[in-house]
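Engineer: Okay, handing you the structure first.
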Amino acid sequence: PEHEEIGPASVGKNSGLKNVFIPNAKPDSHATKEEAFAPVLAVVPLPATGGKASVFLKAAVQYANEKLFGTLSGTIIIDPETEKSLGSE
């Protein structure tokens with residue numbers, strides 16, 4: 001997939017490994033199905049949810065639970081103001 005190398009190369013035991021950023025990984029791409037033994041950050045854009053944070057959050061959790069497996073992990077980053085508004089939905 002399209003990617004860019006970011007930051008300095010790793011040092012020590014993993015010397016020479018590049019940090020890889022994949023900004024628009026497909027939900028079923030190699031980047032989301034295989035564990036990389038190197039520093040990789042793949043961002044998977046999810047379908048629009050009409051601007052409702054609660055709908056997006058449910059879709060993101062569902063994607064993580066159904067598509068990520070093994071030792072793959074996911075992080076959901078949320079704006080503090082949006083997080084506060086979720087309490088009222």
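In the structure tokens, each chain is lettered A, B, ... as it comes, each chain's residues begin at 1, and ligands are numbered from 1 in order of appearance.
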Compile the contact shell of segment 24-37 of chain A as number ranges by chain: residues with an atom at most 12 Å away, counting only C-alpha atoms, same-chain residues fewer than 3 positions apart removed.
Structural biologist: A: 1-4, 14, 17-21, 40-47, 60, 63-64, 66-74
Engineer: Using the chain letters and numbers from this document, which residues of chain A does DSSP assign to helix (DSSP H, G or I), as a PyMOL selection string?
Structural biologist: chain A and resi 12-14+30-33+53-67+80-86
Engineer: Which distance in Å separates atom CA of Gly87 of chain A and atom CA of Lys52 of chain A, to one decimal?
Structural biologist: 12.7 Å
Engineer: Between atom CA of Ile6 of chain A and atom CA of Pro23 of chain A, what is the spacing in Å?
Structural biologist: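 Answer for the atom CA of Pro23 of chain A to atom CA of Ile6 of chain A separation: 11.8 Å.
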Engineer: Could you list, as a PyMOL selection string, every residue within 12 Å of Ile77 of chain A, counting only C-alpha atoms and ignoring same-chain residues fewer than 3 positions away?
Structural biologist: chain A and resi 43+53+56-57+60-61+74+80+82-83
